[in-house]
Every structure is written in structure tokens, then in C-alpha cells.
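Here is the file data_20.txt (compact mmCIF, C-alpha atoms).
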```txt
# COMPACT_ATOMS: atom_id res chain seq x y z
CA MET A 1 9.83 4.50 -20.09
CA TYR A 2 6.37 3.43 -20.86
CA GLY A 3 3.80 1.04 -20.93
CA GLY A 4 2.60 -0.31 -24.01
CA GLY A 5 0.14 -3.06 -23.45
CA TYR A 6 -2.35 -0.28 -23.47
CA VAL A 7 -5.80 -1.78 -23.32
CA PRO A 8 -8.30 0.52 -25.01
CA ALA A 9 -11.75 0.91 -23.59
CA GLY A 10 -14.31 -1.44 -25.02
CA ALA A 11 -16.45 -0.20 -27.88
CA GLU A 12 -19.42 -0.04 -25.53
CA GLU A 13 -17.70 2.23 -23.04
CA LEU A 14 -16.77 4.60 -25.82
CA LYS A 15 -20.13 4.68 -27.48
CA ALA A 16 -20.28 8.32 -28.43
CA PRO A 17 -23.34 10.48 -28.60
CA ALA A 18 -24.28 11.10 -32.21
CA GLU A 19 -21.79 13.68 -33.42
CA ASN A 20 -22.55 16.58 -35.70
CA PRO A 21 -21.74 14.97 -39.09
CA GLU A 22 -20.38 18.20 -40.58
CA LEU A 23 -17.94 18.82 -37.70
CA LEU A 24 -16.96 15.16 -37.67
CA ALA A 25 -16.17 15.28 -41.37
CA GLN A 26 -14.03 18.41 -40.92
CA PHE A 27 -12.22 16.78 -38.00
CA GLU A 28 -11.48 13.63 -39.97
CA GLU A 29 -10.36 15.61 -43.02
CA ARG A 30 -7.93 17.58 -40.86
CA ILE A 31 -6.39 14.38 -39.53
CA ALA A 32 -6.28 12.82 -43.00
CA ARG A 33 -4.35 15.90 -44.21
CA GLY A 34 -1.77 15.19 -41.49
CA GLU A 35 -2.70 18.26 -39.40
CA LYS A 36 -2.66 18.12 -35.61
CA ILE A 37 -5.66 18.56 -33.34
CA GLU A 38 -5.13 21.24 -30.68
CA PRO A 39 -6.72 21.38 -27.21
CA ARG A 40 -9.67 23.66 -27.83
CA ASP A 41 -10.56 22.32 -31.27
CA TRP A 42 -13.84 20.53 -31.70
CA MET A 43 -13.31 16.78 -31.29
CA PRO A 44 -15.60 13.77 -31.03
CA ALA A 45 -16.38 12.80 -27.43
CA ALA A 46 -14.97 9.31 -28.04
CA TYR A 47 -11.66 10.79 -29.28
CA ARG A 48 -11.32 12.93 -26.15
CA LYS A 49 -12.21 10.05 -23.86
CA GLN A 50 -9.84 7.58 -25.46
CA LEU A 51 -6.95 10.08 -25.48
CA ILE A 52 -7.42 11.03 -21.84
CA ARG A 53 -7.45 7.36 -20.98
CA MET A 54 -4.34 6.61 -23.00
CA ILE A 55 -2.22 9.63 -22.00
CA GLU A 56 -3.22 9.21 -18.38
CA GLN A 57 -2.18 5.53 -18.39
CA HIS A 58 1.07 6.55 -19.98
CA ALA A 59 1.69 9.20 -17.29
CA HIS A 60 0.87 6.73 -14.49
CA SER A 61 3.30 4.23 -16.02
CA GLU A 62 6.05 6.82 -15.79
CA ILE A 63 5.68 7.59 -12.08
CA ILE A 64 4.99 4.00 -11.12
CA GLY A 65 7.87 2.89 -13.35
CA ALA A 66 10.18 5.07 -11.28
CA LEU A 67 9.50 2.85 -8.23
CA PRO A 68 11.12 -0.51 -9.16
CA GLU A 69 14.24 1.22 -10.44
CA GLY A 70 14.34 3.80 -7.66
CA THR A 71 14.75 0.87 -5.28
CA TRP A 72 18.31 0.41 -6.55
CA ILE A 73 19.55 4.00 -6.30
CA THR A 74 20.82 3.50 -2.76
CA ARG A 75 22.54 0.25 -3.72
CA ALA A 76 23.90 1.07 -7.19
CA PRO A 77 27.36 -0.41 -7.74
CA GLY A 78 29.50 2.72 -7.92
CA PHE A 79 29.08 6.46 -8.06
CA ARG A 80 28.68 6.85 -11.82
CA ARG A 81 25.97 4.17 -11.96
CA LYS A 82 24.22 5.86 -9.04
CA LEU A 83 24.31 9.28 -10.76
CA ALA A 84 23.01 7.76 -14.00
CA LEU A 85 20.17 5.91 -12.26
CA MET A 86 19.14 9.02 -10.32
CA ALA A 87 19.09 11.00 -13.57
CA LYS A 88 17.03 8.31 -15.26
CA VAL A 89 14.50 7.99 -12.46
CA GLN A 90 14.16 11.78 -12.35
CA ASP A 91 13.51 11.75 -16.10
CA GLU A 92 10.69 9.25 -15.61
CA VAL A 93 9.00 11.49 -13.08
CA GLY A 94 9.57 14.44 -15.43
CA HIS A 95 7.89 12.43 -18.21
CA ALA A 96 4.89 11.88 -15.98
CA GLN A 97 4.66 15.64 -15.47
CA LEU A 98 4.80 16.28 -19.23
CA LEU A 99 2.15 13.65 -19.89
CA TYR A 100 -0.19 14.76 -17.12
CA SER A 101 -0.02 18.25 -18.65
CA ALA A 102 -0.90 16.88 -22.07
CA ALA A 103 -3.88 15.00 -20.60
CA GLU A 104 -4.93 18.08 -18.62
CA THR A 105 -5.41 20.02 -21.86
CA LEU A 106 -8.27 17.61 -22.57
CA GLY A 107 -10.09 18.65 -19.43
CA LYS A 108 -9.18 16.18 -16.66
CA SER A 109 -7.28 17.71 -13.74
CA ARG A 110 -4.04 16.25 -12.44
CA GLU A 111 -5.68 15.72 -9.05
CA ASP A 112 -8.44 13.60 -10.62
CA MET A 113 -5.94 11.55 -12.59
CA LEU A 114 -3.89 10.79 -9.46
CA ASN A 115 -7.04 9.97 -7.51
CA ASP A 116 -8.01 7.47 -10.22
CA LEU A 117 -4.53 5.96 -10.17
CA ILE A 118 -4.70 5.43 -6.40
CA ASN A 119 -8.24 4.07 -6.34
CA GLY A 120 -7.37 1.65 -9.14
CA LYS A 121 -9.86 3.06 -11.65
CA SER A 122 -7.15 3.88 -14.13
CA LYS A 123 -4.33 1.53 -15.06
CA TYR A 124 -0.63 1.69 -15.78
CA SER A 125 1.75 -0.58 -17.60
CA ASN A 126 1.71 -4.10 -16.25
CA VAL A 127 5.50 -4.51 -16.23
CA PHE A 128 5.81 -2.23 -13.21
CA ASN A 129 3.90 -4.64 -11.05
CA TYR A 130 6.97 -6.86 -10.91
CA PRO A 131 9.81 -6.38 -8.41
CA ALA A 132 13.40 -5.48 -9.28
CA GLU A 133 15.06 -8.24 -7.29
CA THR A 134 18.69 -7.64 -8.20
CA TRP A 135 20.90 -5.03 -9.87
CA ALA A 136 20.57 -7.11 -13.06
CA ASP A 137 16.84 -6.31 -13.07
CA VAL A 138 17.83 -2.66 -13.42
CA ALA A 139 19.84 -3.65 -16.50
CA VAL A 140 16.90 -5.54 -18.01
CA ILE A 141 14.42 -2.75 -17.27
CA GLY A 142 16.74 0.02 -18.47
CA PHE A 143 17.69 -1.79 -21.65
CA LEU A 144 14.70 -3.85 -22.73
CA ILE A 145 11.66 -2.20 -21.16
CA ASP A 146 12.90 1.20 -22.26
CA ALA A 147 13.61 -0.20 -25.73
CA ALA A 148 10.06 -1.52 -25.94
CA ALA A 149 8.79 1.83 -24.69
CA ILE A 150 10.68 3.64 -27.43
CA VAL A 151 9.08 1.47 -30.13
CA ASN A 152 5.69 2.40 -28.70
CA GLN A 153 6.40 6.07 -28.14
CA VAL A 154 7.99 6.71 -31.52
CA ALA A 155 4.83 5.31 -33.11
CA ASN A 156 2.57 7.42 -30.89
CA SER A 157 4.56 10.61 -31.48
CA LYS A 158 3.21 10.59 -35.06
CA GLY A 159 -0.36 10.64 -33.76
CA SER A 160 -2.94 13.38 -34.23
CA TYR A 161 -3.11 15.15 -30.85
CA GLY A 162 -0.66 18.09 -30.75
CA PRO A 163 0.14 18.27 -27.02
CA TYR A 164 0.73 14.49 -26.76
CA CYS A 165 3.04 14.52 -29.79
CA ARG A 166 5.03 17.44 -28.38
CA ALA A 167 5.44 15.73 -25.01
CA LEU A 168 6.51 12.48 -26.71
CA GLU A 169 9.11 14.22 -28.82
CA ARG A 170 10.88 15.43 -25.69
CA ILE A 171 10.38 12.07 -23.97
CA CYS A 172 11.82 10.03 -26.87
CA TYR A 173 14.92 12.18 -26.84
CA GLU A 174 15.49 11.43 -23.15
CA GLU A 175 14.62 7.75 -23.53
CA SER A 176 17.52 7.32 -25.90
CA PHE A 177 19.82 8.11 -22.97
CA HIS A 178 17.95 5.56 -20.84
CA LEU A 179 18.38 2.90 -23.48
CA LYS A 180 22.09 3.61 -23.80
CA GLN A 181 22.73 3.53 -20.08
CA GLY A 182 20.58 0.39 -19.70
CA HIS A 183 22.52 -1.29 -22.50
CA SER A 184 25.77 -0.29 -20.83
CA VAL A 185 24.79 -1.89 -17.50
CA PHE A 186 23.52 -4.93 -19.41
CA VAL A 187 26.75 -5.38 -21.39
CA TRP A 188 28.95 -4.91 -18.30
CA LEU A 189 27.11 -7.70 -16.51
CA ALA A 190 27.02 -9.94 -19.59
CA THR A 191 30.77 -9.59 -20.12
CA GLY A 192 31.64 -9.70 -16.42
CA THR A 193 32.26 -12.53 -13.99
CA SER A 194 30.31 -15.80 -14.14
CA MET A 195 28.27 -14.66 -11.15
CA GLN A 196 27.34 -11.43 -12.91
CA ARG A 197 26.32 -13.35 -16.04
CA GLU A 198 24.20 -15.73 -14.01
CA MET A 199 22.52 -12.85 -12.24
CA LEU A 200 21.72 -11.26 -15.62
CA GLN A 201 20.49 -14.51 -17.14
CA SER A 202 18.11 -15.15 -14.28
CA ALA A 203 16.78 -11.58 -14.45
CA LEU A 204 16.19 -12.07 -18.20
CA ASN A 205 14.34 -15.31 -17.50
CA ARG A 206 12.11 -13.57 -14.95
CA TRP A 207 11.37 -10.57 -17.17
CA TRP A 208 10.80 -12.30 -20.49
CA GLU A 209 7.10 -12.99 -19.97
CA PRO A 210 6.31 -9.45 -18.76
CA ILE A 211 8.26 -8.15 -21.78
CA MET A 212 6.23 -10.34 -24.15
CA HIS A 213 3.10 -9.00 -22.42
CA PHE A 214 4.31 -5.44 -22.84
CA PHE A 215 2.66 -4.63 -26.17
CA GLY A 216 -0.58 -6.28 -25.16
CA PRO A 217 -2.52 -9.13 -26.77
CA SER A 218 -3.05 -9.28 -30.54
CA ASP A 219 -5.50 -6.60 -31.54
CA THR A 220 -8.73 -7.79 -32.92
CA MET A 221 -9.32 -5.69 -35.99
CA SER A 222 -12.71 -4.46 -34.84
CA GLN A 223 -14.46 -1.46 -36.25
CA HIS A 224 -13.47 0.22 -33.01
CA THR A 225 -9.73 -0.30 -33.64
CA GLU A 226 -10.23 0.89 -37.19
CA THR A 227 -11.76 4.16 -35.94
CA LEU A 228 -8.89 4.69 -33.49
CA MET A 229 -6.39 4.15 -36.26
CA ARG A 230 -8.24 6.50 -38.62
CA TRP A 231 -8.20 9.15 -35.89
CA LYS A 232 -4.48 8.49 -35.35
CA VAL A 233 -4.95 7.68 -31.69
CA LYS A 234 -3.56 4.20 -32.17
CA MET A 235 -0.65 4.25 -34.59
CA ALA A 236 0.45 0.65 -34.94
CA SER A 237 -1.01 -2.69 -33.97
CA ASN A 238 0.33 -4.47 -30.89
CA ASP A 239 1.65 -7.29 -33.07
CA VAL A 240 3.50 -4.97 -35.42
CA MET A 241 5.21 -3.26 -32.47
CA ARG A 242 6.11 -6.58 -30.82
CA GLN A 243 7.67 -7.82 -34.07
CA GLN A 244 9.64 -4.60 -34.43
CA PHE A 245 10.94 -4.97 -30.88
CA LEU A 246 11.93 -8.63 -31.29
CA ASN A 247 13.65 -7.88 -34.55
CA MET A 248 15.77 -5.11 -33.08
CA TYR A 249 16.63 -6.50 -29.66
CA VAL A 250 16.66 -10.32 -29.64
CA PRO A 251 19.87 -10.32 -31.73
CA LYS A 252 21.46 -7.90 -29.24
CA ILE A 253 20.70 -10.36 -26.42
CA TRP A 254 21.85 -13.43 -28.33
CA GLU A 255 25.10 -11.83 -29.47
CA LEU A 256 26.17 -11.74 -25.82
CA GLY A 257 25.67 -15.48 -25.50
CA LEU A 258 22.59 -15.09 -23.29
CA SER A 259 19.46 -17.14 -23.82
CA LEU A 260 15.75 -16.38 -23.70
CA PRO A 261 13.34 -18.76 -21.98
CA ASP A 262 11.34 -19.60 -25.11
CA PRO A 263 12.63 -22.54 -27.17
CA ALA A 264 10.26 -21.62 -30.01
CA LEU A 265 11.68 -18.12 -30.43
CA ARG A 266 13.24 -17.68 -33.87
CA LYS A 267 13.00 -15.54 -36.95
CA ASP A 268 11.33 -17.12 -39.94
CA GLU A 269 13.70 -15.95 -42.67
CA SER A 270 11.14 -16.55 -45.42
CA THR A 271 8.55 -14.19 -43.93
CA GLY A 272 10.83 -11.97 -41.81
CA GLN A 273 8.43 -12.56 -38.90
CA TRP A 274 9.48 -13.75 -35.44
CA LEU A 275 7.89 -16.92 -34.15
CA PHE A 276 7.38 -17.35 -30.42
CA THR A 277 5.31 -19.13 -27.82
CA GLU A 278 2.28 -17.06 -26.86
CA PRO A 279 2.80 -15.79 -23.31
CA ASN A 280 0.09 -16.63 -20.82
CA TRP A 281 -2.52 -13.91 -21.36
CA ASP A 282 -4.51 -14.97 -18.28
CA THR A 283 -1.53 -13.91 -16.19
CA PHE A 284 -1.54 -10.56 -18.03
CA PHE A 285 -5.19 -9.90 -17.15
CA GLN A 286 -4.69 -11.17 -13.60
CA VAL A 287 -1.89 -8.64 -13.10
CA ILE A 288 -3.88 -5.80 -14.73
CA ASN A 289 -6.71 -6.54 -12.34
CA GLY A 290 -4.56 -6.05 -9.30
CA ASN A 291 -3.11 -9.47 -8.62
CA GLY A 292 0.50 -9.02 -9.70
CA PRO A 293 3.35 -9.35 -7.21
CA CYS A 294 3.67 -5.59 -6.58
CA ASN A 295 0.32 -3.94 -7.43
CA ARG A 296 -0.56 -3.36 -3.78
CA GLU A 297 2.85 -1.99 -2.90
CA ARG A 298 2.95 0.41 -5.85
CA LEU A 299 -0.43 1.97 -5.06
CA ALA A 300 0.18 2.10 -1.32
CA VAL A 301 3.47 3.94 -1.89
CA ARG A 302 1.80 6.39 -4.28
CA LYS A 303 -0.99 7.08 -1.79
CA VAL A 304 1.43 7.65 1.08
CA ALA A 305 3.43 10.06 -1.06
CA GLU A 306 0.35 12.20 -1.77
CA GLU A 307 -0.99 12.00 1.78
CA ARG A 308 2.22 12.73 3.63
CA GLY A 309 3.17 15.53 1.24
CA ALA A 310 -0.22 17.23 1.63
CA TRP A 311 0.87 19.59 4.41
CA VAL A 312 3.77 20.91 2.30
CA ARG A 313 1.50 21.65 -0.64
CA ALA A 314 -1.10 23.24 1.61
CA ALA A 315 1.50 25.41 3.34
CA LEU A 316 2.66 26.76 -0.01
CA ARG A 317 -0.78 27.26 -1.53
CA ARG A 318 -2.00 30.81 -1.95
CA ALA A 319 -5.60 31.78 -1.36
CA ASP A 320 -5.82 33.79 -4.59
CA ALA A 321 -4.45 31.05 -6.83
CA ARG A 322 -6.77 30.09 -9.67
CA TYR A 323 -6.44 27.11 -11.95
CA ALA A 324 -6.47 27.42 -15.72
CA THR A 325 -6.28 24.52 -18.14
CA PRO A 326 -2.79 24.43 -19.70
CA LEU A 327 -2.62 25.88 -23.19
CA ALA A 328 -0.50 23.28 -24.89
CA MET B 1 -0.86 -5.04 8.12
CA PRO B 2 1.68 -2.74 6.51
CA ILE B 3 2.90 -3.66 3.01
CA LEU B 4 5.98 -5.92 2.98
CA SER B 5 8.50 -5.05 0.28
CA LEU B 6 11.95 -6.09 -0.96
CA ASP B 7 12.84 -2.43 -0.55
CA PRO B 8 13.72 -1.48 3.04
CA ARG B 9 12.70 2.13 2.33
CA VAL B 10 9.18 0.98 1.49
CA ASN B 11 9.05 -1.09 4.67
CA ARG B 12 10.00 1.95 6.72
CA LEU B 13 6.94 3.78 5.31
CA GLN B 14 4.64 1.36 7.15
CA ALA B 15 2.19 1.91 4.29
CA GLU B 16 -1.17 0.20 4.42
CA GLU B 17 -2.85 -1.38 1.39
CA VAL B 18 -5.23 1.00 -0.42
CA PRO B 19 -8.79 -0.03 0.59
CA ALA B 20 -11.28 -1.23 -2.01
CA HIS B 21 -13.29 1.99 -2.05
CA GLN B 22 -10.64 4.62 -1.58
CA PRO B 23 -12.13 8.14 -1.39
CA PRO B 24 -10.27 10.89 -3.29
CA VAL B 25 -6.85 11.59 -1.76
CA LEU B 26 -6.57 14.92 -3.57
CA ILE B 27 -9.07 17.72 -3.91
CA PRO B 28 -9.15 20.25 -6.78
CA GLY B 29 -6.39 22.83 -6.37
CA ASP B 30 -4.12 20.54 -4.32
CA HIS B 31 -1.62 20.45 -7.15
CA TRP B 32 -1.65 24.24 -7.62
CA PRO B 33 -2.17 26.32 -10.76
CA SER B 34 -0.15 25.83 -13.94
CA TYR B 35 2.54 28.05 -15.46
CA GLN B 36 3.65 28.16 -19.10
CA VAL B 37 7.41 27.84 -19.49
CA PHE B 38 9.54 29.55 -22.17
CA HIS B 39 13.10 28.42 -22.76
CA GLN B 40 16.03 30.22 -24.41
CA ARG B 41 18.84 27.91 -25.43
CA ARG B 42 21.57 30.48 -26.10
CA ARG B 43 21.89 34.23 -25.86
CA GLY B 44 20.64 35.79 -29.06
CA GLU B 45 18.11 33.05 -29.79
CA LYS B 46 14.41 33.50 -29.08
CA HIS B 47 12.54 32.05 -26.10
CA SER B 48 10.13 29.32 -27.08
CA SER B 49 7.26 27.60 -25.34
CA VAL B 50 8.35 24.21 -23.96
CA GLY B 51 5.50 23.16 -21.69
CA ILE B 52 4.02 23.75 -18.26
CA VAL B 53 4.75 23.22 -14.59
CA HIS B 54 2.43 23.26 -11.58
CA ALA B 55 3.46 25.58 -8.76
CA PRO B 56 2.06 27.71 -5.92
CA SER B 57 3.92 30.86 -7.02
CA LEU B 58 6.03 32.35 -9.81
CA GLU B 59 9.24 31.74 -7.84
CA ILE B 60 8.53 28.06 -7.30
CA ALA B 61 7.33 27.75 -10.90
CA MET B 62 10.79 28.99 -11.90
CA ALA B 63 12.51 26.43 -9.67
CA MET B 64 10.31 23.67 -11.14
CA ALA B 65 10.99 24.91 -14.69
CA LYS B 66 14.76 24.75 -14.14
CA GLU B 67 14.43 21.17 -12.94
CA GLN B 68 11.98 20.10 -15.65
CA PHE B 69 13.19 21.89 -18.78
CA ALA B 70 16.85 22.71 -18.16
CA ARG B 71 18.35 19.60 -16.60
CA ARG B 72 20.29 18.67 -19.73
CA GLY B 73 21.49 20.40 -22.87
CA GLU B 74 22.01 24.12 -23.10
CA THR B 75 19.99 26.84 -21.38
CA SER B 76 20.69 30.52 -21.04
CA ASN B 77 17.34 31.82 -19.80
CA LEU B 78 13.80 30.85 -18.77
CA TRP B 79 10.49 32.70 -18.45
CA VAL B 80 7.44 31.47 -16.54
CA VAL B 81 3.96 32.94 -16.99
CA CYS B 82 0.82 32.02 -15.08
CA THR B 83 -1.46 30.19 -17.55
CA ALA B 84 -4.49 32.11 -16.28
CA ASP B 85 -2.81 35.36 -17.41
CA VAL B 86 -2.49 34.28 -21.03
CA LEU B 87 -5.16 35.24 -23.55
CA GLU B 88 -5.42 32.64 -26.26
CA MET B 89 -7.00 33.18 -29.65
CA ASP B 90 -9.70 30.74 -30.62
CA TYR B 91 -8.49 28.15 -33.16
CA ALA B 92 -11.82 28.53 -34.90
CA ASP B 93 -10.65 32.02 -35.88
CA GLU B 94 -7.69 30.56 -37.78
CA GLU B 95 -9.68 31.20 -40.97
CA VAL B 96 -9.18 34.95 -40.84
CA PHE B 97 -5.51 34.40 -41.67
CA ARG B 98 -6.17 32.13 -44.60
CA THR B 99 -5.88 34.88 -47.21
CA THR B 100 -2.77 36.46 -45.66
CA PRO B 101 -0.22 34.54 -47.76
CA SER B 102 -1.89 35.79 -50.93
CA LYS B 103 -1.68 39.49 -49.95
CA SER B 104 1.15 40.16 -52.36
CA TYR B 105 1.07 43.90 -51.70
CA ARG B 106 2.58 43.11 -48.27
CA ASP B 107 5.47 41.09 -49.73
CA PRO B 108 8.75 42.21 -51.26
CA ALA B 109 8.03 39.65 -53.97
CA GLY B 110 4.89 41.61 -54.86
CA TYR B 111 6.97 44.40 -56.35
CA LYS B 112 8.62 43.49 -59.63
CA VAL B 113 9.76 46.44 -61.77
CA ASN B 114 12.72 45.01 -63.68
CA ASP B 115 10.69 44.58 -66.87
CA LYS B 116 9.73 48.27 -66.73
CA ILE B 117 13.35 49.29 -66.23
CA GLU B 118 14.52 47.07 -69.07
CA ALA B 119 11.81 48.40 -71.38
CA TYR B 120 12.70 51.97 -70.46
CA LYS B 121 16.40 51.35 -71.12
CA ALA B 122 15.58 49.79 -74.48
CA ARG B 123 13.46 52.80 -75.46
CA GLN B 124 16.22 55.19 -74.41
CA SER B 125 18.88 53.44 -76.44
CA ASN B 126 16.61 53.46 -79.49
CA LEU B 127 16.26 57.23 -79.41
```
Here is the file; what I need is its structure written in the form of C-alpha cells.
Amino acid sequence: MYGGGYVPAGAEELKAPAENPELLAQFEERIARGEKIEPRDWMPAAYRKQLIRMIEQHAHSEIIGALPEGTWITRAPGFRRKLALMAKVQDEVGHAQLLYSAAETLGKSREDMLNDLINGKSKYSNVFNYPAETWADVAVIGFLIDAAAIVNQVANSKGSYGPYCRALERICYEESFHLKQGHSVFVWLATGTSMQREMLQSALNRWWEPIMHFFGPSDTMSQHTETLMRWKVKMASNDVMRQQFLNMYVPKIWELGLSLPDPALRKDESTGQWLFTEPNWDTFFQVINGNGPCNRERLAVRKVAEERGAWVRAALRRADARYATPLA
Amino acid sequence: MPILSLDPRVNRLQAEEVPAHQPPVLIPGDHWPSYQVFHQRRRGEKHSSVGIVHAPSLEIAMAMAKEQFARRGETSNLWVVCTADVLEMDYADEEVFRTTPSKSYRDPAGYKVNDKIEAYKARQSNL
């Protein structure tokens, strides 16, 4: 599962040193031809920086995303649901590994990425700063957050950086299982007892705003965004992805007789666009900046995991081991 | 004050909030070197590169590779190779292969003699 709602660095932060115009032209021509960029190719500094930032955030979202759902493994209702949830949570951690490897090829070590996650310098998807209060939250996360993630990841898998695309291909394949199992839990609750339906409805009500936040605020079509799109780092605007998500999944919620807590939500049949109430974007930035309900818990748990596992890693480490940047 | 969570397992950790200026928790090398993983789906097919794992040794790299790249679908075999032991060609040298497809003398399609045979047969029958 992943975090959209990716907030790119400001234009200022990415201000690149003047690039060699000839190399830059070759680089851009390669991308325009639909060819992939590979790790040791020449690339503009801003391209490298933005990709590291994006892939790293994606990787963090995967391991942090495993936490709210992992909470319910011990309390899953039945053995099959427990097996499925364990498999899903393991996949998420596996996705983090794949993504950290892809980011490593750009020159940032996994240790540095995890340090920056723990010290708060690098972000992860906002949705994982909310708690999974009931089993119905697992249904909403597994169905709708994973669905939103797929919209985002399918778009990104057509990007220009080879290792990221290859990782996403594998990830998208596994996400389709997540979506199916999430939908299954969702449908079972929706068609179950009145208590189960109520539990699901209240989870939907709680998660709707974070889901609307998921793809991030409307992009301002700055020159900066235009460059990222030309370089195929950003593949679709936040609004386009949000529309795609609403179009595919709102009907699947409504067909079960459930409601969404936005009276303005409807499809305008003349334009094909969904109309909705803008979610509160101040809340979104508040949560990004550390003030969501679970930010502190997530980072504390991550830190403890690294600290208390240190002796195991040290015991296994060999003196002659040498690090090499992954090839692909 | 340890973090208070809805999850009893988190409460049992007695984890403290990460301080504002947290020094690095990991130092370079903590997560071990990387290994390239090659996966064979079925006997008779070729192994292909599927990604990497981090591990302290070949044996643990193999255990990690089984978990990471063989947990669903079919697998008949895996190889792991320490990344540092792989010599990679420079992509900038890609150009030297650019003329290869046009080297027709290396291709079966570069050898067409039917017209000669036909012409020879025609000459023979005219004799």
C-alpha cells in the first residue's frame, strides 16, 4: 500500500546547479523516446534528489503502513482472516525492502533513509498517522487505501526510472491481492449483522477525510511540476488520480447501501467529474508536520525496532563485509 | 512518559517519544551488504534477476531471498550473488553495440542464395 499525497520539494530546495546543456538534452531526449534511466546513467541533480525523496517516502509508507494493520493480526476474526492479514502485512514490509533498494541505487544508503524516517526529516503517507480502532478499519484500509495506492502506483510504474518501475511492477501485482482481500472483509461486514454494518459505517466516516487527503492538495501547475512531468517523475496530477479513485470506488461503496460523510459528493454526469467538499487541508499539513493522532507512536515503534534489534545485526555482521550499491 | 497506544503490544514496548534532535540510530554497514537475487520459476527456464536483499552472509541472503522473492507463485530455484562481486559494464559504453543489429554477416538472414539456385536451374534446363 502506499502513500500518495506525496508532497514534492519546493522549487527552491531543488534548485539545481547549472547542468551541462548537452547531457541534459540527451537525458530529456531519452525520456521523450520512452526509454528508462538506469542507476549509473548521467542524470540532473534535481532528478536524482526528487526521486530519492519520492521513493524513500514511498518505502517509509510501506513499513509504517504495516503498523496500523499489524495491530489486528492477533485479534483477526478467524484463522483464514489472520493468515491473509499476516500475508498482507508481510507484503508491505517486503515492498519497503524493494523500494529502499530502488532508492539505494541513487546513492542514499538504507541506514540513512531509516535515520531520516526516525528523526522526522523524511515523511511518509499521512493516512498511517491514524489509528485502526476496530476490525472494520482493517477493511477500510485494505480495500480503500490500497485501492488509492494502486491508482498512484500504476501511474508511477510508467515513470522514467528503471529500478523504481521494476519494483512497482512487482508491488502492483501483490497489491491486487490486498485489494481483493480488503474488499472481501469489507463486503462481509457490509452484508453482515446490523452491528457489523454500523462498525463499518463508522470506520468509513472516520477514514473518509484521510482518504480525500491521500492524493494531496490540487497541484499548482508551476514550472517545477511541469519539469517533473517532463522527466516522468510525476506521472499524473493529484486531482486526476483523485477523480480516478472516486470514479472507481464510490459506486462500490454506495452499492452496499453505505454512505459517505460528504453530502456534496456526486458525479456530474455532464462533465464526468466528481464534485465533493474540499477536505480540510490545514489538518493535512498539521498531520504531516507531526501532529496527527499516531505520528509519535509510529516513529517511537520504528526507533525501538532498530535499537532493540541492533545486537542481532551486530552479532551476524562479518568484519570483511563490504557494501556495494545495488545494481538494479 | 512511554507512548500510550490502542495496541497492547505497543504499550508493552514502553517506547519513549523520539526526541526533537534524534541522533542517527543506525551507522553505515548496520544493514549489511547487498546481494543480487536470481529466480528460476520452473525447471528448464532460465534464472532471471529479480532484485536485491541485504544480508550478513550468503546463507542468510538465501533465506531472505526465499522470503522476499518466493513467497507466492512458482519457484524451482534461486541464486544469490554478493553485489560487490559483480562487474557491471558502463551504460555509456552501450554505443559499441549500436551497429550489431546491422552486421548481417552474423545473421542467418544475411545469407540468401535462392535466386542463384533458381538462376542456375533455369540455365541448366535451357541447355
Taking only C-alpha atoms into account, produce a table as JSON lines in which each residue of chain B with an atom at most 7 Å from an atom of chain A appears once, together with its shortest atom pair and the distance in Å to one decimal, ordered by chain and rising number.
```
{"residue": "B:Ile3", "atom": "CA", "partner": "A:Glu297", "partner_atom": "CA", "distance": 6.1}
{"residue": "B:Asp7", "atom": "CA", "partner": "A:Thr71", "partner_atom": "CA", "distance": 6.1}
{"residue": "B:Ala15", "atom": "CA", "partner": "A:Ala300", "partner_atom": "CA", "distance": 6.0}
{"residue": "B:Glu16", "atom": "CA", "partner": "A:Ala300", "partner_atom": "CA", "distance": 6.2}
{"residue": "B:Glu17", "atom": "CA", "partner": "A:Ala300", "partner_atom": "CA", "distance": 5.4}
{"residue": "B:Val18", "atom": "CA", "partner": "A:Ala300", "partner_atom": "CA", "distance": 5.6}
{"residue": "B:His21", "atom": "CA", "partner": "A:Asn119", "partner_atom": "CA", "distance": 6.9}
{"residue": "B:Gln22", "atom": "CA", "partner": "A:Asn119", "partner_atom": "CA", "distance": 5.4}
{"residue": "B:Pro24", "atom": "CA", "partner": "A:Asn115", "partner_atom": "CA", "distance": 5.4}
{"residue": "B:Val25", "atom": "CA", "partner": "A:Asn115", "partner_atom": "CA", "distance": 6.0}
{"residue": "B:Leu26", "atom": "CA", "partner": "A:Glu111", "partner_atom": "CA", "distance": 5.6}
{"residue": "B:Ile27", "atom": "CA", "partner": "A:Glu111", "partner_atom": "CA", "distance": 6.5}
{"residue": "B:Pro28", "atom": "CA", "partner": "A:Glu111", "partner_atom": "CA", "distance": 6.1}
{"residue": "B:Asp30", "atom": "CA", "partner": "A:Arg313", "partner_atom": "CA", "distance": 6.8}
{"residue": "B:His31", "atom": "CA", "partner": "A:Glu111", "partner_atom": "CA", "distance": 6.5}
{"residue": "B:Trp32", "atom": "CA", "partner": "A:Arg317", "partner_atom": "CA", "distance": 6.9}
{"residue": "B:Pro33", "atom": "CA", "partner": "A:Tyr323", "partner_atom": "CA", "distance": 4.5}
{"residue": "B:Ser34", "atom": "CA", "partner": "A:Pro326", "partner_atom": "CA", "distance": 6.5}
{"residue": "B:Gly51", "atom": "CA", "partner": "A:Ala328", "partner_atom": "CA", "distance": 6.8}
{"residue": "B:Ile52", "atom": "CA", "partner": "A:Ser101", "partner_atom": "CA", "distance": 6.8}
{"residue": "B:Pro56", "atom": "CA", "partner": "A:Arg317", "partner_atom": "CA", "distance": 5.2}
{"residue": "B:Gln68", "atom": "CA", "partner": "A:Gly94", "partner_atom": "CA", "distance": 6.2}
{"residue": "B:Thr83", "atom": "CA", "partner": "A:Ala324", "partner_atom": "CA", "distance": 6.0}
{"residue": "B:Ala84", "atom": "CA", "partner": "A:Ala324", "partner_atom": "CA", "distance": 5.1}
{"residue": "B:Tyr91", "atom": "CA", "partner": "A:Asp41", "partner_atom": "CA", "distance": 6.5}
```
In Å, rounded to a single decimal, give me how far atom CA of A:Lys180 is from atom CA of A:Lys88.
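Interatomic distance, atom CA of A:Lys88 to atom CA of A:Lys180: 11.0 Å.
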For atom CA of A:Met212 and atom CA of A:Gln50, determine how far apart the two atoms are, in Å to one decimal place.
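Pair atom CA of A:Met212 / atom CA of A:Gln50 returns 24.1 Å.
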To one decimal place, how far is atom CA of B:Lys66 from atom CA of B:Phe38 in Å?
10.7 Å
Using all atoms listed in the file, which residues sit within 6 Å of stretch 144-148 of chain A once same-chain residues fewer than 3 positions away are excluded, as number ranges by chain?
A: 1, 140-141, 151, 179
Who sits within 12 Å of B:Ala63, all atoms listed in the file, same chain under 3 positions skipped, as a PyMOL selection string
chain B and resi 35+37+53-60+66-71+78-80
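These residues, each with an atom at most 12 Å from (-6.5, -7.2, -9.3) using only C-alpha atoms, are Asn119, Gly120, Lys121, Lys123, Asn126, Asn129, Thr283, Phe284, Phe285, Gln286, Val287, Ile288, Asn289, Gly290, Asn291, Gly292, Pro293, Cys294, Asn295, Arg296 and Leu299 of chain A; Ala20 of chain B.
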